[in-house]
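Let me begin by presenting the structure, written as structure tokens, before commenting on it.
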Amino acid sequence: MRNAFIDELIAAAQRNDNIALVVGDLGYGVVEPFAKKFPERFFNAGVAEQNMMGLCAGLASEGLHVFAYSIANFPTFRCAEQIRNDLDYHGLPVTVVAVGGGLAYGNLGYSHHAVQDYSLIRSFPNMLIAAPGDPMEVRACMRYLIKNPQPSYLRLGKAGEACVHSEVPEVEPGKWLTVKSGIDGGNAFLSTGAALALTSGLVKNHHEFEDLTISSLPLWGMKSKVLQADQLKKFSRVTTVEDHLIDGGFGSWLMESCVSKPDLLSKIRIKALDAKVCGMVGKQSTLNEQGGLTSELLCE
Amino acid sequence: MPSSVQLACEIRKSVLRMVHRAKASHVASALSVVDVLAVLYGEVMQLDNKNPKAESRDRFILSKGHACAAVYATLAEVGFIPKEQLNTYGDDFSWLMNHISHKVTGVEFSTGSLGHGLPFGVGKALAAKTRHSSWRTFVLLSDGEMDEGSNWEALMFAAHHKLSNLTAIIDYNKLQSLDSIANTLALEPLGEKLQAFGCDVLDVDGHDHSRLAEALSQSMGPKPTVVIAHTTKGKGVSFMENSVAWHYKNPTDEQLEQALLELECSNA
């Protein structure tokens with residue numbers, strides 16, 4: 001995902017002088033090609049996230065679309081108020097980029113587990129969340145964000161994720177992307193972010209799920225809640241899947257979107273990480289399993 | 001165009017009336033920075049009230065957003081917003097909210113939470129430097145606000161990137177929200193700290209217009225400049241000066257009358 005991100009960013013920066021990259025002293029082995037090609041649009045803000053996010057807002061207020069790159073919780077929780085006041089309230093085109101979404105940095109410990117980030121970011125009315133499920137969705141989200149600069153949050157995994165899509169899909173905020181069609185009026189899995197690997201794996205390994213629809217929602221946020229009811233209607237049951245806690249997460253967001261429509265609300269099941277993973281240390285796959293997120297556990 | 005001294009006097013009168021009418025707090029914080037604002041808007045900054053977003057304009061950011069009454073009054077005096085608009089200060093749905101708002105013509109950035117203005121100004125100055133533009137960025141901070149780590153992060157970045165087009169002004173009235181600076185978190189030796197962070201530092205009387213004009217007009221380069229403006233909180237109104245209480249209180253009708261009399265600037 002990281003490599004798809006930087007490829008797309010470089011391609012965009014070649015066409016558009018207003019694309020800038022600011023890093024919080026992170027990005028070794030990823031950001032160097034950008035820094036080399038566009039030294040006048042690359043800044044390392046050092047280990048100082050509050051200033052990083054504030055200065056990104058300042059740059060954006062002068063017409064730049066700034067990508068603010070760091071890992072895990074550093075570009076979100078550490079500078080939450082800068083995102084709230086400086087970016088979101090002023091409507092400035094800064095894309096906060098966090099590598100290591102979910103439990104990608106599982107072995108590095110709780111400081112590096114990004115399992116509450118959706119809850120923070122989706123409480124800001126103008127922030128668009130981009131949580132791509134594979135490298136193709138990363139490219140799709142980047143192309144959308146570059147065409148539509150706005151306050152936004154791009155949540156990436158790490159590197160080496162397999163491609164689920166065979167080509168770069170078209171994405172729009174709030175619009176479910178069909179990864180595999182099932183039967184009309186049947187059940188669906190709807191994931192955001194890296195959880196797509198789990199739902200797509202489910203069908204590959206379990207032929208009894210052929211009737212299931214597998215969807216991914218890579219672009220969402222407070223503004224796209226209004227688009228959800230019409231999509232929910234098409235299914236008898238929708239199970240959301242996310243590598244995030246249930247509290248303030250993606251499934252909860254979907255439920256909030258139809259809180260006044262009990263018939264739709266009852267169709268939703270949520271598969272999210274159990275809070276017992278908070279503080280646990282281990283590989284991403286181990287922790288996801290502990291938190292209840294494996295293809296097998298999704299079937300229960 | 002009136003002199004900056006006349007301008008300051010008109011701003012102070014407006015501030016008092018606005019705060020009185022709105023029963024708002026922070027009158028002393030606003031009075032503290034009036035002379036800095038009068039010199040910036042009256043003499044130093046390149047601005048065009050007919051074209052508030054002109055690319056070549058100098059940028060001003062009020063980081064101590066609670067002193068916004070002084071900025072709104074200044075913008076009215078120099079023709080960015082109608083003077084009548086000041087009568088909506090603090091009203092329901094008014095754009096002139098009690099912390100500075102970017103929804104008001106001529107205001108670059110909303111603040112209210114301290115420690116946000118300088119990083120934002122650093123971003124603007126960086127954009128100007130990258131584009132080889134000659135406009136300058138001024139950020140006005142409070143002294144208590146220097147407790148915020150984000151300001152020191154911003155100063156390190158500004159010095160590292162040699163942002164000589166950035167001027168931070170610290171309103172050093174030596175009082176913060178509950179007590180004096182010295183009794184809260186001592187800032188001294190402030191000038192030496194700022195110099196150690198890589199800034200050019202100028203200490204001036206923050207109510208002396210000619211000294212302010214001199215300090216704010218020069219950009220010595222290659223370092224960012226910090227002007228430490230030694231001020232009096234509540235400046236101009238005897239009973240509001242140097243009093244923590246006037247961080248919160250608003251004047252009664254009688255106090256407003258007395259304050260306006262004290263200013264005696266109708267013939268200035």
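Numbering starts fresh at 1 for the residues of each chain in the structure tokens, the chains themselves are lettered A, B, ... in the order given, and ligands are numbered from 1 as they appear.
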So that I can check the surroundings of Cys278 in chain A, please list as number ranges by chain every protein, DNA and RNA residue that reaches within 9 Å of it, counting only C-alpha atoms and ignoring chain neighbours fewer than 6 positions away. A: 110, 113, 115
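Running DSSP on the backbone gives alpha helix (DSSP H) for these residues within range 154-254 of chain B: B:Ala154, B:Leu155, B:Met156, B:Phe157, B:Ala158, B:Ala159, B:His160, B:Ile181, B:Ala182, B:Asn183, B:Thr184, B:Leu190, B:Gly191, B:Glu192, B:Lys193, B:Leu194, B:Gln195, B:Ala196, B:His209, B:Ser210, B:Arg211, B:Leu212, B:Ala213, B:Glu214, B:Ala215, B:Leu216, B:Ser217, B:Asp253, B:Glu254.
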Keeping N, CA and C atoms for every residue in the selection just given, could you write it to a file as a PDB file, in the first residue's frame?
```pdb
ATOM      1  N   ALA B 154       7.359  25.074  16.509  1.00  0.00           N
ATOM      2  CA  ALA B 154       7.265  25.956  15.342  1.00  0.00           C
ATOM      3  C   ALA B 154       8.507  26.841  15.223  1.00  0.00           C
ATOM      4  N   LEU B 155       8.999  27.334  16.340  1.00  0.00           N
ATOM      5  CA  LEU B 155      10.192  28.185  16.302  1.00  0.00           C
ATOM      6  C   LEU B 155      11.401  27.402  15.788  1.00  0.00           C
ATOM      7  N   MET B 156      11.527  26.148  16.236  1.00  0.00           N
ATOM      8  CA  MET B 156      12.642  25.319  15.749  1.00  0.00           C
ATOM      9  C   MET B 156      12.567  25.153  14.241  1.00  0.00           C
ATOM     10  N   PHE B 157      11.358  24.887  13.765  1.00  0.00           N
ATOM     11  CA  PHE B 157      11.181  24.684  12.321  1.00  0.00           C
ATOM     12  C   PHE B 157      11.481  25.977  11.555  1.00  0.00           C
ATOM     13  N   ALA B 158      10.954  27.091  12.071  1.00  0.00           N
ATOM     14  CA  ALA B 158      11.136  28.385  11.390  1.00  0.00           C
ATOM     15  C   ALA B 158      12.612  28.757  11.310  1.00  0.00           C
ATOM     16  N   ALA B 159      13.333  28.504  12.392  1.00  0.00           N
ATOM     17  CA  ALA B 159      14.762  28.834  12.393  1.00  0.00           C
ATOM     18  C   ALA B 159      15.527  27.894  11.463  1.00  0.00           C
ATOM     19  N   HIS B 160      15.180  26.614  11.517  1.00  0.00           N
ATOM     20  CA  HIS B 160      15.872  25.635  10.667  1.00  0.00           C
ATOM     21  C   HIS B 160      15.706  25.998   9.193  1.00  0.00           C
ATOM     22  N   ILE B 181       2.806  35.568  35.116  1.00  0.00           N
ATOM     23  CA  ILE B 181       3.626  34.582  34.405  1.00  0.00           C
ATOM     24  C   ILE B 181       4.645  33.994  35.380  1.00  0.00           C
ATOM     25  N   ALA B 182       5.263  34.879  36.151  1.00  0.00           N
ATOM     26  CA  ALA B 182       6.340  34.442  37.053  1.00  0.00           C
ATOM     27  C   ALA B 182       5.839  33.410  38.054  1.00  0.00           C
ATOM     28  N   ASN B 183       4.595  33.569  38.502  1.00  0.00           N
ATOM     29  CA  ASN B 183       4.048  32.630  39.481  1.00  0.00           C
ATOM     30  C   ASN B 183       3.392  31.406  38.854  1.00  0.00           C
ATOM     31  N   THR B 184       3.283  31.391  37.526  1.00  0.00           N
ATOM     32  CA  THR B 184       2.596  30.269  36.865  1.00  0.00           C
ATOM     33  C   THR B 184       3.627  29.307  36.274  1.00  0.00           C
ATOM     34  N   LEU B 190      13.337  34.877  28.672  1.00  0.00           N
ATOM     35  CA  LEU B 190      12.596  34.649  27.429  1.00  0.00           C
ATOM     36  C   LEU B 190      13.432  34.986  26.188  1.00  0.00           C
ATOM     37  N   GLY B 191      14.026  36.169  26.203  1.00  0.00           N
ATOM     38  CA  GLY B 191      14.810  36.573  25.034  1.00  0.00           C
ATOM     39  C   GLY B 191      15.937  35.596  24.731  1.00  0.00           C
ATOM     40  N   GLU B 192      16.600  35.170  25.772  1.00  0.00           N
ATOM     41  CA  GLU B 192      17.723  34.234  25.575  1.00  0.00           C
ATOM     42  C   GLU B 192      17.241  32.888  25.056  1.00  0.00           C
ATOM     43  N   LYS B 193      16.090  32.459  25.563  1.00  0.00           N
ATOM     44  CA  LYS B 193      15.530  31.188  25.072  1.00  0.00           C
ATOM     45  C   LYS B 193      15.229  31.292  23.575  1.00  0.00           C
ATOM     46  N   LEU B 194      14.607  32.395  23.193  1.00  0.00           N
ATOM     47  CA  LEU B 194      14.228  32.560  21.787  1.00  0.00           C
ATOM     48  C   LEU B 194      15.469  32.640  20.900  1.00  0.00           C
ATOM     49  N   GLN B 195      16.481  33.331  21.396  1.00  0.00           N
ATOM     50  CA  GLN B 195      17.738  33.407  20.637  1.00  0.00           C
ATOM     51  C   GLN B 195      18.357  32.015  20.502  1.00  0.00           C
ATOM     52  N   ALA B 196      18.299  31.259  21.589  1.00  0.00           N
ATOM     53  CA  ALA B 196      18.868  29.906  21.545  1.00  0.00           C
ATOM     54  C   ALA B 196      18.115  29.016  20.564  1.00  0.00           C
ATOM     55  N   HIS B 209       4.788  53.550  19.739  1.00  0.00           N
ATOM     56  CA  HIS B 209       4.503  53.313  18.316  1.00  0.00           C
ATOM     57  C   HIS B 209       5.740  53.417  17.436  1.00  0.00           C
ATOM     58  N   SER B 210       6.635  54.375  17.738  1.00  0.00           N
ATOM     59  CA  SER B 210       7.789  54.498  16.839  1.00  0.00           C
ATOM     60  C   SER B 210       8.739  53.317  17.017  1.00  0.00           C
ATOM     61  N   ARG B 211       8.884  52.860  18.247  1.00  0.00           N
ATOM     62  CA  ARG B 211       9.751  51.691  18.476  1.00  0.00           C
ATOM     63  C   ARG B 211       9.128  50.435  17.853  1.00  0.00           C
ATOM     64  N   LEU B 212       7.815  50.314  17.989  1.00  0.00           N
ATOM     65  CA  LEU B 212       7.123  49.167  17.386  1.00  0.00           C
ATOM     66  C   LEU B 212       7.280  49.189  15.870  1.00  0.00           C
ATOM     67  N   ALA B 213       7.082  50.370  15.293  1.00  0.00           N
ATOM     68  CA  ALA B 213       7.165  50.484  13.829  1.00  0.00           C
ATOM     69  C   ALA B 213       8.559  50.103  13.349  1.00  0.00           C
ATOM     70  N   GLU B 214       9.533  50.544  14.084  1.00  0.00           N
ATOM     71  CA  GLU B 214      10.916  50.234  13.717  1.00  0.00           C
ATOM     72  C   GLU B 214      11.166  48.722  13.805  1.00  0.00           C
ATOM     73  N   ALA B 215      10.724  48.122  14.902  1.00  0.00           N
ATOM     74  CA  ALA B 215      10.975  46.688  15.116  1.00  0.00           C
ATOM     75  C   ALA B 215      10.212  45.833  14.106  1.00  0.00           C
ATOM     76  N   LEU B 216       8.984  46.230  13.809  1.00  0.00           N
ATOM     77  CA  LEU B 216       8.147  45.400  12.941  1.00  0.00           C
ATOM     78  C   LEU B 216       8.471  45.598  11.464  1.00  0.00           C
ATOM     79  N   SER B 217       9.098  46.709  11.140  1.00  0.00           N
ATOM     80  CA  SER B 217       9.394  46.983   9.728  1.00  0.00           C
ATOM     81  C   SER B 217      10.622  46.239   9.261  1.00  0.00           C
ATOM     82  N   ASP B 253     -22.060  50.067  33.001  1.00  0.00           N
ATOM     83  CA  ASP B 253     -22.298  51.314  32.262  1.00  0.00           C
ATOM     84  C   ASP B 253     -21.386  52.422  32.781  1.00  0.00           C
ATOM     85  N   GLU B 254     -21.283  52.519  34.110  1.00  0.00           N
ATOM     86  CA  GLU B 254     -20.471  53.583  34.707  1.00  0.00           C
ATOM     87  C   GLU B 254     -18.996  53.374  34.393  1.00  0.00           C
TER      88      GLU B 254
END
```
Please check the contacts: residues of chain B at most 10 Å away from chain A, using only C-alpha atoms, listed as a PyMOL selection string. chain B and resi 55+101-103+108-113+115-131+149-157+160-161
Write out the residues from the selection above, keeping C-alpha atoms, as a compact mmCIF listing (two decimals), in the first residue's frame.
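After the write, selection09.txt holds the following:
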```txt
# COMPACT_ATOMS: atom_id res chain seq x y z
CA GLU B 55 -1.90 37.59 -3.31
CA SER B 101 -13.01 34.00 13.09
CA HIS B 102 -11.80 33.47 9.54
CA LYS B 103 -15.35 34.09 8.41
CA GLU B 108 -6.75 34.78 7.79
CA PHE B 109 -7.26 32.15 10.47
CA SER B 110 -9.53 31.23 13.36
CA THR B 111 -7.93 30.54 16.70
CA GLY B 112 -9.12 30.21 20.27
CA SER B 113 -7.12 27.25 21.40
CA GLY B 115 -0.53 27.33 20.30
CA HIS B 116 -2.13 27.06 16.85
CA GLY B 117 -1.31 30.40 15.23
CA LEU B 118 2.46 30.16 15.02
CA PRO B 119 2.61 26.71 13.34
CA PHE B 120 0.00 27.94 10.85
CA GLY B 121 2.03 31.11 10.23
CA VAL B 122 5.14 28.99 9.74
CA GLY B 123 3.29 27.13 6.97
CA LYS B 124 2.35 30.42 5.30
CA ALA B 125 5.88 31.76 5.55
CA LEU B 126 7.22 28.49 4.15
CA ALA B 127 4.81 28.73 1.21
CA ALA B 128 5.98 32.30 0.50
CA LYS B 129 9.63 31.34 0.71
CA THR B 130 9.15 28.30 -1.53
CA ARG B 131 7.45 30.49 -4.14
CA GLY B 149 5.03 23.19 23.25
CA SER B 150 3.70 23.63 19.72
CA ASN B 151 5.10 27.18 19.68
CA TRP B 152 8.59 25.95 20.44
CA GLU B 153 8.24 23.24 17.80
CA ALA B 154 7.26 25.96 15.34
CA LEU B 155 10.19 28.19 16.30
CA MET B 156 12.64 25.32 15.75
CA PHE B 157 11.18 24.68 12.32
CA HIS B 160 15.87 25.64 10.67
CA HIS B 161 14.23 26.79 7.44
```
As a PyMOL selection string, please: the residues near Val107 in chain B (cut-off 9 Å, only C-alpha atoms, same-chain neighbours under 4 positions excluded). chain B and resi 52+59-62+71-72+75+100-103
With only C-alpha atoms as the basis for distance, which of A:Gly100, A:Pro173, A:Gly282, A:Pro125 is at the shortest distance from Phe74 in chain A? A:Gly100
I'd like the neighbourhood of range 230-243 of chain B as a VMD selection string, where a residue qualifies if any of its atoms comes within 6 Å (using only C-alpha atoms), though same-chain residues fewer than 3 positions away should be ignored. chain B and resid 28 to 29 31 to 32 172 to 173 205 to 206 246 259
Just C-alpha atoms for this one: save the residues we selected as an mmCIF file, in the first residue's frame.
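Output saved as result17.cif:
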```cif
data_model
loop_
_atom_site.group_PDB
_atom_site.id
_atom_site.type_symbol
_atom_site.label_atom_id
_atom_site.label_comp_id
_atom_site.auth_asym_id
_atom_site.auth_seq_id
_atom_site.Cartn_x
_atom_site.Cartn_y
_atom_site.Cartn_z
ATOM 1 C CA ALA B 28 -7.756 43.550 29.123
ATOM 2 C CA SER B 29 -6.157 41.084 26.692
ATOM 3 C CA LEU B 31 -6.389 46.457 25.193
ATOM 4 C CA SER B 32 -2.926 44.982 25.666
ATOM 5 C CA TYR B 172 4.405 40.218 27.068
ATOM 6 C CA ASN B 173 2.079 41.733 29.648
ATOM 7 C CA ASP B 205 7.932 48.867 24.627
ATOM 8 C CA GLY B 206 4.734 47.443 23.189
ATOM 9 C CA TRP B 246 -10.230 42.072 33.803
ATOM 10 C CA ALA B 259 -12.968 54.229 30.714
#
```
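For the set A:Ala195, A:Trp253, A:Leu264, A:Arg2, the residue with the smallest atom-to-atom gap to Leu154 in chain A is A:Arg2, counting only C-alpha atoms.
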Skipping near chain neighbours, those fewer than 4 positions away, what residues fall within 12 Å of Phe209 in chain A using only C-alpha atoms, listed as a PyMOL selection string? chain A and resi 180-183+186-189+199-205+213-214+295-296+298-299
Next, write the just-selected residues to a file, as a short mmCIF file (atom, residue, chain, number, x, y, z; two decimals), in the first residue's frame, keeping N, CA and C atoms as the atom set.
```
data_model
loop_
_atom_site.label_atom_id
_atom_site.label_comp_id
_atom_site.auth_asym_id
_atom_site.auth_seq_id
_atom_site.Cartn_x
_atom_site.Cartn_y
_atom_site.Cartn_z
N LYS A 180 -17.33 -8.61 -5.27
CA LYS A 180 -17.91 -9.83 -5.85
C LYS A 180 -19.43 -9.76 -5.70
N SER A 181 -20.14 -9.97 -6.79
CA SER A 181 -21.61 -9.91 -6.71
C SER A 181 -22.15 -11.21 -6.13
N GLY A 182 -23.23 -11.09 -5.39
CA GLY A 182 -23.92 -12.28 -4.89
C GLY A 182 -25.31 -12.33 -5.50
N ILE A 183 -26.28 -12.76 -4.70
CA ILE A 183 -27.64 -12.80 -5.25
C ILE A 183 -28.41 -11.58 -4.75
N GLY A 186 -29.78 -10.83 -1.05
CA GLY A 186 -29.06 -11.74 -0.17
C GLY A 186 -28.27 -11.03 0.89
N ASN A 187 -27.25 -11.71 1.37
CA ASN A 187 -26.41 -11.14 2.42
C ASN A 187 -25.14 -10.53 1.81
N ALA A 188 -24.59 -9.58 2.57
CA ALA A 188 -23.37 -8.93 2.07
C ALA A 188 -22.38 -8.74 3.21
N PHE A 189 -21.11 -8.78 2.84
CA PHE A 189 -20.05 -8.32 3.73
C PHE A 189 -19.59 -6.97 3.20
N THR A 199 -12.49 -10.51 4.02
CA THR A 199 -13.77 -10.84 3.37
C THR A 199 -13.54 -11.46 2.00
N SER A 200 -12.55 -10.98 1.28
CA SER A 200 -12.29 -11.57 -0.04
C SER A 200 -11.74 -12.99 0.13
N GLY A 201 -10.98 -13.22 1.17
CA GLY A 201 -10.45 -14.55 1.44
C GLY A 201 -11.54 -15.54 1.80
N LEU A 202 -12.57 -15.02 2.45
CA LEU A 202 -13.69 -15.85 2.87
C LEU A 202 -14.31 -16.60 1.70
N VAL A 203 -14.53 -15.90 0.63
CA VAL A 203 -15.20 -16.50 -0.52
C VAL A 203 -14.26 -17.47 -1.25
N LYS A 204 -13.00 -17.08 -1.30
CA LYS A 204 -12.02 -17.93 -1.97
C LYS A 204 -11.96 -19.31 -1.31
N ASN A 205 -12.05 -19.30 0.02
CA ASN A 205 -11.82 -20.54 0.76
C ASN A 205 -13.10 -21.29 1.13
N THR A 213 -22.57 -11.21 -1.32
CA THR A 213 -21.96 -10.06 -1.99
C THR A 213 -20.81 -9.58 -1.12
N ILE A 214 -19.68 -9.32 -1.74
CA ILE A 214 -18.55 -8.76 -1.01
C ILE A 214 -18.35 -7.33 -1.51
N SER A 295 -11.06 -14.91 8.75
CA SER A 295 -12.11 -15.33 7.83
C SER A 295 -13.03 -16.33 8.51
N GLU A 296 -12.46 -17.25 9.28
CA GLU A 296 -13.27 -18.28 9.94
C GLU A 296 -14.22 -17.64 10.96
N LEU A 298 -15.41 -14.75 10.98
CA LEU A 298 -16.46 -13.97 10.34
C LEU A 298 -17.67 -14.82 10.01
N CYS A 299 -17.43 -16.13 9.84
CA CYS A 299 -18.53 -17.02 9.45
C CYS A 299 -19.48 -17.31 10.61
#
```
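For the atom pair formed by CA of Gln176 in chain B and CA of Val44 in chain B, the distance is 27.9 Å, given to one decimal.
Counting from CA of Val168 in chain A, the distance to CA of Ala197 in chain A is 16.1 Å.
With distances restricted to only C-alpha atoms, A:Val241 is the closest residue to Ile268 in chain A from A:Val23, A:Leu196, A:Val241, A:Ala35.
Take the candidates A:Pro149, A:Gly279, A:Gly102, A:Pro33 and check each one against Phe67 in chain A using only C-alpha atoms; the shortest distance goes to A:Pro149.
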DSSP on the backbone: which residues in range 96-153 of chain B end up as strand (DSSP E or B)? Give the answer as a list in words. Thr137, Phe138, Val139, Leu140, Leu141 and Ser142 of chain B
Might you pull out every residue within 10 Å of Lys53 in chain B, with only C-alpha atoms counted and same-chain residues fewer than 3 positions away left off, and present them as a PyMOL selection string? chain B and resi 47-50+56-59+105-108
Take the residues that were just selected and, keeping C-alpha atoms, output them as a compact mmCIF listing (two decimals), in the first residue's frame.
```txt
# COMPACT_ATOMS: atom_id res chain seq x y z
CA LEU B 47 -2.80 45.44 2.74
CA ASP B 48 -5.58 46.46 0.38
CA ASN B 49 -9.03 46.83 1.90
CA LYS B 50 -10.52 46.78 -1.61
CA SER B 56 0.78 40.14 -2.43
CA ARG B 57 -0.74 41.11 0.93
CA ASP B 58 1.08 40.60 4.18
CA ARG B 59 -0.58 37.95 6.35
CA THR B 105 -13.33 39.72 5.98
CA GLY B 106 -9.65 40.34 6.45
CA VAL B 107 -9.09 37.54 8.97
CA GLU B 108 -6.75 34.78 7.79
```
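When CA of Lys223 in chain B is paired with CA of Tyr69 in chain A, their separation reads 26.9 Å.
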